[in-house]
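my_file.cif follows (mmCIF, C-alpha atoms and all ligand atoms):
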data_coords
#
loop_
_atom_site.label_atom_id
_atom_site.label_comp_id
_atom_site.auth_asym_id
_atom_site.auth_seq_id
_atom_site.Cartn_x
_atom_site.Cartn_y
_atom_site.Cartn_z
CA MET O 1 0.00 0.00 0.00
CA THR O 2 1.50 3.33 -1.00
CA VAL O 3 -0.96 5.84 0.47
CA ALA O 4 -3.10 6.13 3.56
CA ASN O 5 -1.39 6.55 6.82
CA SER O 6 -2.19 3.70 9.16
CA ALA O 7 -3.35 6.03 11.96
CA THR O 8 -6.25 7.31 9.86
CA PRO O 9 -9.32 5.10 9.33
CA ILE O 10 -10.04 4.46 5.66
CA ALA O 11 -13.03 3.07 3.76
CA ALA O 12 -12.39 1.09 0.58
CA LEU O 13 -15.12 0.11 -1.88
CA PHE O 14 -15.13 -3.02 -4.01
CA LEU O 15 -17.56 -4.87 -6.26
CA GLY O 16 -19.36 -7.20 -3.87
CA PRO O 17 -20.59 -9.28 -2.29
CA GLU O 18 -17.60 -10.57 -0.33
CA GLY O 19 -15.66 -13.26 -2.15
CA THR O 20 -15.30 -11.47 -5.50
CA TYR O 21 -11.92 -11.07 -7.13
CA SER O 22 -12.37 -7.33 -6.52
CA HIS O 23 -12.66 -8.10 -2.80
CA GLN O 24 -9.33 -9.92 -3.05
CA ALA O 25 -7.79 -6.88 -4.79
CA ALA O 26 -9.05 -4.55 -2.03
CA LEU O 27 -7.63 -6.89 0.62
CA GLN O 28 -4.28 -7.04 -1.17
CA GLN O 29 -4.19 -3.25 -1.26
CA PHE O 30 -5.47 -2.36 2.20
CA GLY O 31 -5.50 -5.62 4.20
CA ASP O 32 -2.53 -4.60 6.33
CA HIS O 33 -4.09 -1.25 7.27
CA PRO O 34 -5.26 -1.60 10.89
CA GLN O 35 -8.20 0.72 10.39
CA ALA O 36 -9.43 -0.24 6.95
CA LYS O 37 -13.15 -0.72 6.44
CA PHE O 38 -14.17 -2.67 3.33
CA ILE O 39 -17.49 -1.68 1.79
CA VAL O 40 -19.39 -3.51 -0.94
CA ALA O 41 -20.81 -1.90 -4.06
CA ASP O 42 -23.36 -3.62 -6.32
CA SER O 43 -21.67 -2.77 -9.62
CA ILE O 44 -18.44 -1.43 -11.12
CA PRO O 45 -20.09 1.93 -12.02
CA GLU O 46 -21.34 2.25 -8.44
CA CYS O 47 -17.74 1.91 -7.18
CA LEU O 48 -16.66 5.06 -9.00
CA GLU O 49 -19.92 6.98 -8.47
CA ARG O 50 -19.86 6.45 -4.71
CA LEU O 51 -16.19 7.29 -4.50
CA GLU O 52 -16.95 10.60 -6.22
CA ASN O 53 -20.06 11.45 -4.24
CA ASP O 54 -19.82 9.90 -0.80
CA SER O 55 -17.46 11.72 1.54
CA ASN O 56 -17.21 8.60 3.72
CA ILE O 57 -15.52 6.59 0.97
CA ASP O 58 -11.77 7.03 0.39
CA PHE O 59 -10.78 4.43 -2.20
CA ALA O 60 -12.20 1.99 -4.76
CA ALA O 61 -10.62 -1.12 -6.30
CA VAL O 62 -11.84 -1.65 -9.87
CA PRO O 63 -10.91 -4.38 -12.42
CA PHE O 64 -9.15 -3.00 -15.50
CA GLU O 65 -7.85 -5.86 -17.64
CA ASN O 66 -7.48 -9.61 -17.70
CA SER O 67 -4.48 -11.49 -19.02
CA THR O 68 -6.69 -13.87 -21.06
CA ASN O 69 -9.57 -11.78 -22.31
CA GLY O 70 -8.25 -8.26 -22.18
CA GLN O 71 -10.00 -5.02 -21.33
CA VAL O 72 -12.71 -4.85 -18.69
CA VAL O 73 -14.69 -2.62 -21.02
CA PHE O 74 -17.09 -1.52 -18.26
CA THR O 75 -14.20 0.24 -16.52
CA TYR O 76 -12.69 1.67 -19.69
CA ASP O 77 -16.05 3.17 -20.59
CA LEU O 78 -16.46 4.70 -17.13
CA LEU O 79 -13.17 6.56 -17.67
CA ARG O 80 -14.20 7.53 -21.19
CA ASP O 81 -17.55 8.91 -19.97
CA ARG O 82 -15.88 10.89 -17.18
CA MET O 83 -13.42 12.46 -19.59
CA ALA O 84 -16.29 13.42 -21.94
CA LYS O 85 -18.44 14.79 -19.11
CA GLN O 86 -15.74 17.08 -17.83
CA SER O 87 -14.60 18.30 -21.21
CA ASP O 88 -17.32 20.97 -21.46
CA GLY O 89 -15.96 23.11 -18.65
CA GLY O 90 -15.92 25.99 -21.15
CA ASP O 91 -12.45 27.14 -20.16
CA GLY O 92 -11.06 26.45 -23.60
CA LEU O 93 -8.37 24.15 -22.20
CA ASN O 94 -8.04 20.70 -23.69
CA ARG O 95 -6.79 19.02 -20.51
CA VAL O 96 -9.45 17.33 -18.39
CA ILE O 97 -8.73 17.03 -14.68
CA PRO O 98 -10.95 14.20 -13.42
CA GLU O 99 -12.38 14.04 -9.92
CA LEU O 100 -10.69 10.68 -9.37
CA GLU O 101 -7.11 9.54 -9.71
CA VAL O 102 -5.36 6.20 -9.94
CA ILE O 103 -2.87 5.72 -7.14
CA ASP O 104 -1.91 2.05 -7.37
CA GLU O 105 -2.51 -1.29 -9.10
CA GLN O 106 -3.04 -4.87 -7.90
CA TYR O 107 -2.79 -8.23 -9.69
CA VAL O 108 -5.17 -10.97 -8.61
CA SER O 109 -4.73 -14.52 -9.69
CA VAL O 110 -8.00 -15.76 -11.19
CA SER O 111 -8.79 -19.41 -10.64
CA HIS O 112 -12.40 -20.19 -11.45
CA CYS O 113 -14.48 -23.03 -10.02
CA LEU O 114 -17.78 -24.55 -11.09
CA VAL O 115 -20.00 -24.12 -8.06
CA ALA O 116 -23.27 -25.81 -7.04
CA SER O 117 -25.59 -25.09 -4.15
CA SER O 118 -25.27 -28.66 -2.83
CA PRO O 119 -22.77 -31.52 -3.28
CA LEU O 120 -23.01 -32.89 -6.80
CA ASN O 121 -21.06 -35.30 -8.98
CA LEU O 122 -19.88 -33.90 -12.33
CA GLU O 123 -20.89 -37.21 -13.93
CA SER O 124 -24.54 -36.44 -13.15
CA LEU O 125 -24.69 -33.27 -15.30
CA PRO O 126 -25.82 -34.97 -18.57
CA ARG O 127 -29.07 -36.05 -16.94
CA TYR O 128 -30.33 -32.46 -16.63
CA LYS O 129 -32.50 -31.01 -19.42
CA ARG O 130 -31.31 -27.48 -18.75
CA ILE O 131 -28.28 -26.10 -16.90
CA ARG O 132 -28.10 -22.37 -16.16
CA ILE O 133 -24.63 -21.06 -15.42
CA TYR O 134 -24.37 -17.70 -13.67
CA SER O 135 -21.28 -15.48 -13.73
CA HIS O 136 -19.87 -12.03 -14.36
CA PRO O 137 -19.77 -11.33 -18.15
CA GLN O 138 -15.97 -10.88 -18.03
CA VAL O 139 -15.67 -14.55 -17.06
CA TRP O 140 -17.13 -16.12 -20.23
CA GLY O 141 -14.04 -15.30 -22.30
CA GLN O 142 -11.87 -16.92 -19.63
CA VAL O 143 -13.67 -20.30 -19.64
CA ASP O 144 -14.75 -20.63 -23.24
CA LYS O 145 -13.03 -23.98 -23.91
CA TYR O 146 -14.21 -25.41 -20.60
CA LEU O 147 -17.85 -24.55 -21.39
CA GLN O 148 -17.50 -26.06 -24.84
CA LYS O 149 -16.25 -29.32 -23.28
CA LEU O 150 -19.11 -29.24 -20.79
CA LYS O 151 -21.62 -28.90 -23.62
CA ASN O 152 -20.00 -31.78 -25.50
CA ARG O 153 -20.26 -33.88 -22.38
CA CYS O 154 -23.98 -33.08 -22.05
CA PRO O 155 -25.26 -33.31 -25.64
CA GLN O 156 -28.94 -33.47 -24.64
CA THR O 157 -28.74 -30.54 -22.21
CA VAL O 158 -29.47 -26.90 -22.97
CA VAL O 159 -26.63 -24.95 -21.35
CA GLU O 160 -27.43 -21.27 -20.75
CA ARG O 161 -25.13 -18.46 -19.58
CA ILE O 162 -26.63 -15.84 -17.32
CA ASP O 163 -24.81 -12.58 -16.57
CA THR O 164 -24.60 -11.37 -13.00
CA PRO O 165 -23.03 -8.20 -11.57
CA SER O 166 -20.16 -10.21 -10.03
CA THR O 167 -18.90 -13.77 -9.59
CA SER O 168 -19.80 -13.90 -5.90
CA GLU O 169 -23.28 -12.58 -6.70
CA ALA O 170 -23.52 -15.47 -9.20
CA VAL O 171 -23.01 -17.96 -6.36
CA ARG O 172 -25.51 -16.13 -4.14
CA ARG O 173 -28.15 -16.29 -6.90
CA THR O 174 -27.46 -19.94 -7.66
CA VAL O 175 -27.98 -20.88 -4.04
CA GLN O 176 -31.12 -18.75 -3.82
CA VAL O 177 -32.68 -20.04 -7.07
CA GLU O 178 -31.90 -23.66 -6.18
CA SER O 179 -33.48 -23.27 -2.74
CA GLN O 180 -36.71 -22.05 -4.36
CA SER O 181 -36.84 -24.43 -7.30
CA GLY O 182 -38.65 -27.75 -7.16
CA GLU O 183 -37.69 -28.50 -10.77
CA ARG O 184 -35.36 -31.53 -10.69
CA SER O 185 -34.67 -31.61 -14.43
CA GLU O 186 -33.03 -28.18 -14.26
CA LEU O 187 -29.83 -27.18 -12.51
CA ASN O 188 -28.35 -23.81 -11.58
CA LEU O 189 -24.58 -23.44 -11.26
CA ALA O 190 -22.12 -20.57 -10.89
CA ILE O 191 -18.56 -19.83 -11.98
CA ALA O 192 -16.64 -18.06 -9.25
CA SER O 193 -13.66 -18.31 -6.91
CA ASN O 194 -13.09 -20.70 -4.08
CA ALA O 195 -13.61 -17.75 -1.70
CA ALA O 196 -17.03 -16.96 -3.16
CA ALA O 197 -18.14 -20.60 -2.76
CA LYS O 198 -17.08 -20.46 0.90
CA VAL O 199 -18.86 -17.14 1.58
CA HIS O 200 -22.18 -18.61 0.38
CA ASN O 201 -21.68 -22.14 1.80
CA ALA O 202 -21.78 -23.56 -1.68
CA HIS O 203 -19.93 -26.57 -3.14
CA ILE O 204 -17.14 -26.68 -5.65
CA ILE O 205 -17.80 -29.38 -8.22
CA ASP O 206 -14.85 -28.59 -10.49
CA GLN O 207 -11.88 -26.27 -10.10
CA GLY O 208 -9.10 -24.58 -12.03
CA ILE O 209 -11.54 -24.40 -14.95
CA ASN O 210 -10.13 -21.31 -16.65
CA ASP O 211 -8.80 -22.03 -20.11
CA LYS O 212 -5.42 -20.59 -19.22
CA GLN O 213 -3.72 -21.37 -15.94
CA GLY O 214 -2.03 -18.34 -14.44
CA ASN O 215 -4.95 -16.18 -15.56
CA THR O 216 -4.65 -12.81 -13.81
CA THR O 217 -6.80 -9.70 -13.51
CA ARG O 218 -5.25 -6.30 -13.02
CA PHE O 219 -7.09 -3.84 -10.78
CA LEU O 220 -6.69 -0.08 -10.47
CA ILE O 221 -6.97 1.62 -7.11
CA PHE O 222 -8.73 4.98 -7.28
CA ARG O 223 -9.05 7.79 -4.77
CA LYS O 224 -10.67 11.22 -4.92
CA ARG O 225 -8.21 13.61 -6.52
CA SER O 226 -6.30 15.35 -3.84
CA ALA O 227 -3.82 18.16 -3.52
CA THR O 228 -1.60 15.81 -1.52
CA THR O 229 0.72 13.99 -3.88
CA VAL O 230 1.12 10.27 -3.45
CA GLN O 231 4.56 9.30 -2.14
CA LEU O 232 5.90 6.86 -4.71
CA PRO O 233 8.68 4.50 -3.59
CA ASP O 234 11.89 5.46 -5.40
CA SER O 235 12.79 1.86 -6.01
CA ARG O 236 9.75 1.10 -8.17
CA THR O 237 9.13 1.83 -11.82
CA LYS O 238 6.38 4.41 -12.22
CA VAL O 239 3.55 3.97 -14.68
CA SER O 240 1.27 6.72 -15.95
CA LEU O 241 -2.19 6.21 -17.43
CA LEU O 242 -3.31 8.84 -19.93
CA THR O 243 -6.40 8.98 -22.15
CA PHE O 244 -6.78 11.18 -25.22
CA THR O 245 -8.78 11.91 -28.32
CA ILE O 246 -7.18 13.02 -31.56
CA LYS O 247 -7.64 15.92 -33.95
CA GLN O 248 -9.54 13.66 -36.30
CA ASP O 249 -9.23 15.71 -39.48
CA ASN O 250 -5.51 16.35 -39.25
CA PRO O 251 -3.37 14.00 -41.25
CA ARG O 252 -1.04 12.01 -38.95
CA SER O 253 -3.10 13.01 -35.90
CA LEU O 254 -2.63 9.77 -33.96
CA VAL O 255 1.00 9.45 -35.00
CA ASP O 256 1.66 13.01 -33.80
CA VAL O 257 0.58 12.09 -30.27
CA LEU O 258 2.71 8.97 -30.25
CA ALA O 259 5.67 10.95 -31.60
CA VAL O 260 5.62 12.99 -28.36
CA LEU O 261 6.32 9.76 -26.49
CA LYS O 262 9.16 9.02 -28.86
CA ASN O 263 10.71 12.46 -28.37
CA HIS O 264 10.98 12.10 -24.61
CA PRO O 265 12.55 9.37 -22.46
CA VAL O 266 9.27 7.54 -21.88
CA ASN O 267 8.54 3.95 -22.72
CA MET O 268 4.97 3.27 -23.83
CA CYS O 269 3.90 -0.12 -22.51
CA SER O 270 0.24 -0.32 -23.55
CA ILE O 271 -2.20 1.24 -25.97
CA SER O 272 -5.88 0.48 -26.50
CA SER O 273 -9.01 2.26 -27.59
CA ARG O 274 -12.77 2.40 -27.10
CA PRO O 275 -15.37 4.02 -29.32
CA LEU O 276 -16.41 7.52 -28.28
CA LYS O 277 -19.99 7.44 -27.05
CA GLU O 278 -20.87 10.97 -28.10
CA GLU O 279 -19.85 11.17 -31.73
CA PRO O 280 -18.39 14.64 -32.38
CA LYS O 281 -20.06 16.26 -35.39
CA GLY O 282 -22.31 13.18 -35.57
CA ARG O 283 -19.48 11.07 -37.03
CA LYS O 284 -18.95 7.43 -36.29
CA TRP O 285 -15.60 5.64 -35.88
CA GLN O 286 -14.08 8.05 -33.42
CA TYR O 287 -12.07 6.75 -30.52
CA ILE O 288 -10.63 7.50 -27.14
CA PHE O 289 -7.13 6.07 -26.73
CA PHE O 290 -5.67 4.73 -23.50
CA ILE O 291 -1.91 4.68 -23.16
CA GLU O 292 0.40 3.75 -20.33
CA TYR O 293 4.06 4.64 -20.15
CA TYR O 294 7.05 4.28 -17.87
CA CYS O 295 9.47 7.03 -17.28
CA ASP O 296 12.33 8.03 -15.12
CA SER O 297 10.89 11.19 -13.50
CA ASN O 298 14.30 12.77 -13.11
CA LYS O 299 15.16 12.50 -16.77
CA ILE O 300 12.06 14.05 -18.24
CA ASP O 301 11.08 17.67 -18.78
CA TRP O 302 7.45 17.29 -17.69
CA ASP O 303 6.38 20.78 -18.73
CA ALA O 304 7.63 20.26 -22.26
CA PHE O 305 6.16 16.76 -22.40
CA TYR O 306 2.66 17.82 -21.37
CA GLN O 307 2.74 20.94 -23.53
CA GLU O 308 3.47 18.75 -26.54
CA ILE O 309 0.74 16.28 -25.52
CA SER O 310 -1.68 19.19 -25.19
CA ALA O 311 -0.74 20.56 -28.60
CA SER O 312 -1.16 17.23 -30.39
CA CYS O 313 -4.36 15.90 -28.74
CA SER O 314 -7.89 17.13 -29.11
CA LEU O 315 -8.59 16.33 -25.44
CA TRP O 316 -6.44 14.56 -22.85
CA CYS O 317 -6.54 13.45 -19.27
CA LEU O 318 -3.82 12.10 -16.97
CA TRP O 319 -5.43 9.61 -14.57
CA GLY O 320 -2.42 9.11 -12.37
CA THR O 321 1.15 7.96 -11.93
CA PHE O 322 1.58 4.93 -9.73
CA PRO O 323 4.20 2.31 -8.83
CA ARG O 324 4.43 -0.81 -10.98
CA ASN O 325 3.43 -3.74 -8.80
CA GLU O 326 6.08 -6.45 -8.54
CA LEU O 327 3.44 -9.07 -9.53
CA TYR O 328 3.36 -7.51 -13.00
CA SER O 329 6.30 -9.64 -14.08
CA SER O 330 5.30 -12.89 -12.38
O1 LIG T 401 -16.91 -10.65 -10.37
C1 LIG T 401 -15.85 -10.51 -9.74
O2 LIG T 401 -15.44 -11.33 -8.92
C2 LIG T 401 -15.04 -9.33 -10.02
O3 LIG T 401 -14.29 -8.90 -9.17
C3 LIG T 401 -15.10 -8.73 -11.41
C4 LIG T 401 -14.15 -9.39 -12.39
C5 LIG T 401 -13.99 -8.50 -13.68
O4 LIG T 401 -14.81 -7.63 -13.94
O5 LIG T 401 -13.03 -8.73 -14.42
C6 LIG T 401 -12.82 -9.52 -11.81
C7 LIG T 401 -12.00 -10.55 -12.10
C8 LIG T 401 -12.38 -11.65 -13.02
O6 LIG T 401 -11.72 -11.39 -14.24
C9 LIG T 401 -13.83 -11.68 -13.26
C10 LIG T 401 -14.66 -10.68 -12.87
#
Render the structure in this file as structure tokens.
Amino acid sequence: MTVANSATPIAALFLGPEGTYSHQAALQQFGDHPQAKFIVADSIPECLERLENDSNIDFAAVPFENSTNGQVVFTYDLLRDRMAKQSDGGDGLNRVIPELEVIDEQYVSVSHCLVASSPLNLESLPRYKRIRIYSHPQVWGQVDKYLQKLKNRCPQTVVERIDTPSTSEAVRRTVQVESQSGERSELNLAIASNAAAKVHNAHIIDQGINDKQGNTTRFLIFRKRSATTVQLPDSRTKVSLLTFTIKQDNPRSLVDVLAVLKNHPVNMCSISSRPLKEEPKGRKWQYIFFIEYYCDSNKIDWDAFYQEISASCSLWCLWGTFPRNELYSS
């Protein structure tokens, strides 16, 4: 943990209920803080909204990307929408200063289990006419091959996927639906972590079911933007997250932004994009770009760097500079 002095109580939000991977990320970040209170949110958008609007909340842990199936688009779009919302400040400046900032990152190892409300043998699955599997939408791309094998094993069964706000909520619903259902030809299951199964007293009927072992989700830790700068440990590489839109009609517009990174001693380590929701001038195919870069703070002329970024982007927003977690390379 890089911020939050241990003498001050803190409240950290995560996508609940307890037992989600987000809960694990919040524990990794703040678990050693003697006065940390962990508070559940019902959705990823709620995490950021409450952090912005509730003075009792100090931090939020939000999933950002997964090593198997990439961007957590819900989170990307929350950042996109915040940049767009704050761009009409009318001050003529093209830098957006968001209400929130990223102060750290966490890597959580994702090991999914197939979970049932009561003990069940995997061999019995083909006898069900219909199996409903509940999970967070981000999970489907992490267990695609496993679900295909399951379907092949149960050729007469209709296998349905049902989206839930989180993996732990998937287990809660499975247990609830099963307790109310008298229908013995149908079965409700969830895909979630070992921890989520424990929280809801459910039973693991298969484990390690993700298509890729070593699957990991990266979380960003947000706080309300503050005048107090985060103390970054000198020993760690620092990463910055910046979003921008380009001057669409200028030739080379995207390349011009990237050239700024080339002209300074920064090392871009990721780039991705999402469609802009509000299409400027009613035009489709316009994007917001997300880049991350490393730099050695002492070697860079920050004023010059950001002036050049400002001159080459249509709109830009620096979400934060934070230490690279050592789990990044494991
Ligand atoms: O549902 C959870 O357990 C979450 O914390 C969300 C989430 C995500 O949105 O990526 C986190 C990690 C896993 O990749 C699957 C789901």
### Query
Could you state the separation of atom CA of O:Tyr328 and atom C1 of ligand LIG 401 (chain T) in Å, given to one decimal place?
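Separation between atom CA of O:Tyr328 and atom C1 of ligand LIG 401 (chain T): 19.7 Å.
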Contacts to ligand LIG 401 (chain T) at 8 Å cut-off (all atoms listed in the file) as a short mmCIF file (atom, residue, chain, number, x, y, z; two decimals) with C-alpha atoms, keeping the file's coordinate frame:
data_model
loop_
_atom_site.label_atom_id
_atom_site.label_comp_id
_atom_site.auth_asym_id
_atom_site.auth_seq_id
_atom_site.Cartn_x
_atom_site.Cartn_y
_atom_site.Cartn_z
CA PHE O 14 -15.13 -3.02 -4.01
CA LEU O 15 -17.56 -4.87 -6.26
CA GLY O 16 -19.36 -7.20 -3.87
CA GLY O 19 -15.66 -13.26 -2.15
CA THR O 20 -15.30 -11.47 -5.50
CA TYR O 21 -11.92 -11.07 -7.13
CA SER O 22 -12.37 -7.33 -6.52
CA HIS O 23 -12.66 -8.10 -2.80
CA GLN O 24 -9.33 -9.92 -3.05
CA ILE O 44 -18.44 -1.43 -11.12
CA VAL O 62 -11.84 -1.65 -9.87
CA PRO O 63 -10.91 -4.38 -12.42
CA PHE O 64 -9.15 -3.00 -15.50
CA GLU O 65 -7.85 -5.86 -17.64
CA ASN O 66 -7.48 -9.61 -17.70
CA VAL O 72 -12.71 -4.85 -18.69
CA PHE O 74 -17.09 -1.52 -18.26
CA VAL O 108 -5.17 -10.97 -8.61
CA VAL O 110 -8.00 -15.76 -11.19
CA SER O 135 -21.28 -15.48 -13.73
CA HIS O 136 -19.87 -12.03 -14.36
CA PRO O 137 -19.77 -11.33 -18.15
CA GLN O 138 -15.97 -10.88 -18.03
CA VAL O 139 -15.67 -14.55 -17.06
CA GLN O 142 -11.87 -16.92 -19.63
CA PRO O 165 -23.03 -8.20 -11.57
CA SER O 166 -20.16 -10.21 -10.03
CA THR O 167 -18.90 -13.77 -9.59
CA SER O 168 -19.80 -13.90 -5.90
CA GLU O 169 -23.28 -12.58 -6.70
CA ALA O 192 -16.64 -18.06 -9.25
CA SER O 193 -13.66 -18.31 -6.91
CA THR O 216 -4.65 -12.81 -13.81
CA THR O 217 -6.80 -9.70 -13.51
#
#### Entry: Among listed residues O:Gln148, O:Asn325, O:Ser272, O:Asn263, nearest O:Gln28 (using all atoms listed in the file)
O:Asn325
Using only C-alpha atoms, which residues of stretch 181-290 of chain O come within 7 Å of stretch 57-61 of chain O, and what is the closest atom pair for each, with the distance in Å to one decimal? Give it as CSV, sorted by chain and residue number.
residue,atom,partner,partner_atom,distance
O:Phe219,CA,O:Ala61,CA,6.3
O:Leu220,CA,O:Ala61,CA,5.8
O:Ile221,CA,O:Ala61,CA,4.6
O:Phe222,CA,O:Ala60,CA,5.2
O:Arg223,CA,O:Phe59,CA,4.6
O:Lys224,CA,O:Asp58,CA,6.9
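With distances taken over all atoms listed in the file, O:Gln106 is the one residue among O:Asn53, O:Asn210, O:Ser240, O:Gln106 lying closest to O:Phe30.
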#### Entry: Gap from atom CA of O:Gln176 to atom CA of O:Ile191 - Å, one decimal
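For atom CA of O:Gln176 relative to atom CA of O:Ile191, the distance reads 15.0 Å.
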### Message
Between O:Ile162, O:Val239, O:Ile131, O:Leu93, which residue has the minimum interatomic distance to O:Ile291, considering only C-alpha atoms?
### Response
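Comparing O:Ile162, O:Val239, O:Ile131, O:Leu93 against O:Ile291, the winner is O:Val239.
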#### Entry: Residue nearest O:Asp144 - candidates O:Lys129, O:Arg172, O:Arg184, O:Lys212, atoms counted: all atoms listed in the file
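Looking at the shortest contact to O:Asp144, the residue is O:Lys212.
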### Query
Pick the closest to O:Asp81 from O:Asp104, O:Asp32, O:Glu49, O:Asp249: which is it, counting only C-alpha atoms?
O:Glu49
### Message
Between atom CA of O:Ala11 and atom CA of O:Ala25, what is the distance in Å, rounded to a tenth?
### Response
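Atom CA of O:Ala25 lies at a distance of 14.1 Å from atom CA of O:Ala11.
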### Query
Counting all atoms listed in the file, which of O:Arg161, O:Leu79, O:Lys198, O:Ser43 gets nearest to O:Ser117?
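That would be O:Lys198, the residue with the smallest distance to O:Ser117.
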### Message
Which residues are close to O:Cys269, i.e. within 8 Å by only C-alpha atoms, leaving aside same-chain residues fewer than 2 positions away? Reply as a list in words.
### Response
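Final neighbour list, sorted by chain and number: Asn267, Ile271, Ile291, Glu292, Tyr293 and Tyr294 of chain O.
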Output C-alpha atoms for every residue in that selection, as a compact mmCIF listing (two decimals), keeping the file's coordinate frame.
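Result file is result_5.txt:
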# COMPACT_ATOMS: atom_id res chain seq x y z
CA ASN O 267 8.54 3.95 -22.72
CA ILE O 271 -2.20 1.24 -25.97
CA ILE O 291 -1.91 4.68 -23.16
CA GLU O 292 0.40 3.75 -20.33
CA TYR O 293 4.06 4.64 -20.15
CA TYR O 294 7.05 4.28 -17.87
### Message
Can you tell me which residues surround O:Arg153 at a distance of at most 12 Å, considering only C-alpha atoms, apart from same-chain residues fewer than 2 positions away, and format the answer as a PyMOL selection string?
### Response
chain O and resi 122-128+146-151+155-159
Output as lines of an AutoDock Vina configuration file the centre and edge lengths (Å, one decimal) of the box along x, y and z of the file that holds every listed atom of stretch 94-97 of chain O after adding 5 Å on each side.
center_x = -8.1
center_y = 18.9
center_z = -19.2
size_x = 12.7
size_y = 13.7
size_z = 19.0
### Message
Give me, as a list of chain:residue names, all polymer residues having an atom no more than 10 Å from O:Pro119, counting all atoms listed in the file and skipping those fewer than 3 positions away in the same chain.
### Response
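So, after excluding close chain neighbours, the residues are O:Val115, O:Ala116, O:Leu122, O:Ala202, O:His203, O:Ile204, O:Ile205.
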### Task
Compile the contact shell of O:Phe244 as a list in words: residues with an atom at most 9 Å away, counting only C-alpha atoms, same-chain residues fewer than 4 positions apart removed.
Met83, Val257, Tyr287, Ile288, Phe289, Phe290, Ile291, Cys313, Ser314, Leu315, Trp316, Cys317 and Leu318 of chain O
### Message
Residues within 10 Å of (9.7, 12.0, -25.3), file coordinates, counting all atoms listed in the file: what are they? Give the list as number ranges by chain.
### Response
O: 258-267, 295, 300-302, 304-306, 308-309
### Task
Compute the distance from (-17.3, 5.6, -26.7) to each atom, counting only C-alpha atoms, keep the residues with any atom at most 8 Å away, and return them as a list in words; use the coordinates of the file.
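Returned residue set, sorted by chain then number, is Asp77, Arg80, Asp81, Arg274, Pro275, Leu276, Lys277, Glu278, Glu279, Gln286, Tyr287 and Ile288 of chain O.
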Since the input is missing atoms for stretch 264-277 of chain O, could you rebuild it with N, CA and C atoms and give the result as a short mmCIF file (atom, residue, chain, number, x, y, z; two decimals), in the coordinates of the input?
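Heads up, here's the output in rebuild30.cif:
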data_model
loop_
_atom_site.label_atom_id
_atom_site.label_comp_id
_atom_site.auth_asym_id
_atom_site.auth_seq_id
_atom_site.Cartn_x
_atom_site.Cartn_y
_atom_site.Cartn_z
N HIS O 264 10.60 11.95 -26.02
CA HIS O 264 10.98 12.10 -24.61
C HIS O 264 11.38 10.72 -24.07
N PRO O 265 12.12 10.70 -22.96
CA PRO O 265 12.55 9.37 -22.46
C PRO O 265 11.42 8.65 -21.73
N VAL O 266 10.36 8.34 -22.48
CA VAL O 266 9.27 7.54 -21.88
C VAL O 266 9.10 6.28 -22.72
N ASN O 267 8.65 5.24 -22.06
CA ASN O 267 8.54 3.95 -22.72
C ASN O 267 7.08 3.52 -22.69
N MET O 268 6.40 3.62 -23.82
CA MET O 268 4.97 3.27 -23.83
C MET O 268 4.82 1.76 -23.70
N CYS O 269 4.01 1.33 -22.72
CA CYS O 269 3.90 -0.12 -22.51
C CYS O 269 2.51 -0.66 -22.86
N SER O 270 1.52 0.21 -23.08
CA SER O 270 0.24 -0.32 -23.55
C SER O 270 -0.51 0.77 -24.30
N ILE O 271 -1.30 0.32 -25.26
CA ILE O 271 -2.20 1.24 -25.97
C ILE O 271 -3.47 0.48 -26.32
N SER O 272 -4.62 1.10 -26.10
CA SER O 272 -5.88 0.48 -26.50
C SER O 272 -6.88 1.60 -26.77
N SER O 273 -8.02 1.21 -27.28
CA SER O 273 -9.01 2.26 -27.59
C SER O 273 -10.41 1.76 -27.33
N ARG O 274 -11.33 2.69 -27.20
CA ARG O 274 -12.77 2.40 -27.10
C ARG O 274 -13.48 3.42 -27.99
N PRO O 275 -14.65 3.03 -28.50
CA PRO O 275 -15.37 4.02 -29.32
C PRO O 275 -15.85 5.18 -28.45
N LEU O 276 -15.84 6.38 -29.02
CA LEU O 276 -16.41 7.52 -28.28
C LEU O 276 -17.93 7.36 -28.28
N LYS O 277 -18.54 7.63 -27.15
CA LYS O 277 -19.99 7.44 -27.05
C LYS O 277 -20.71 8.58 -27.76
#
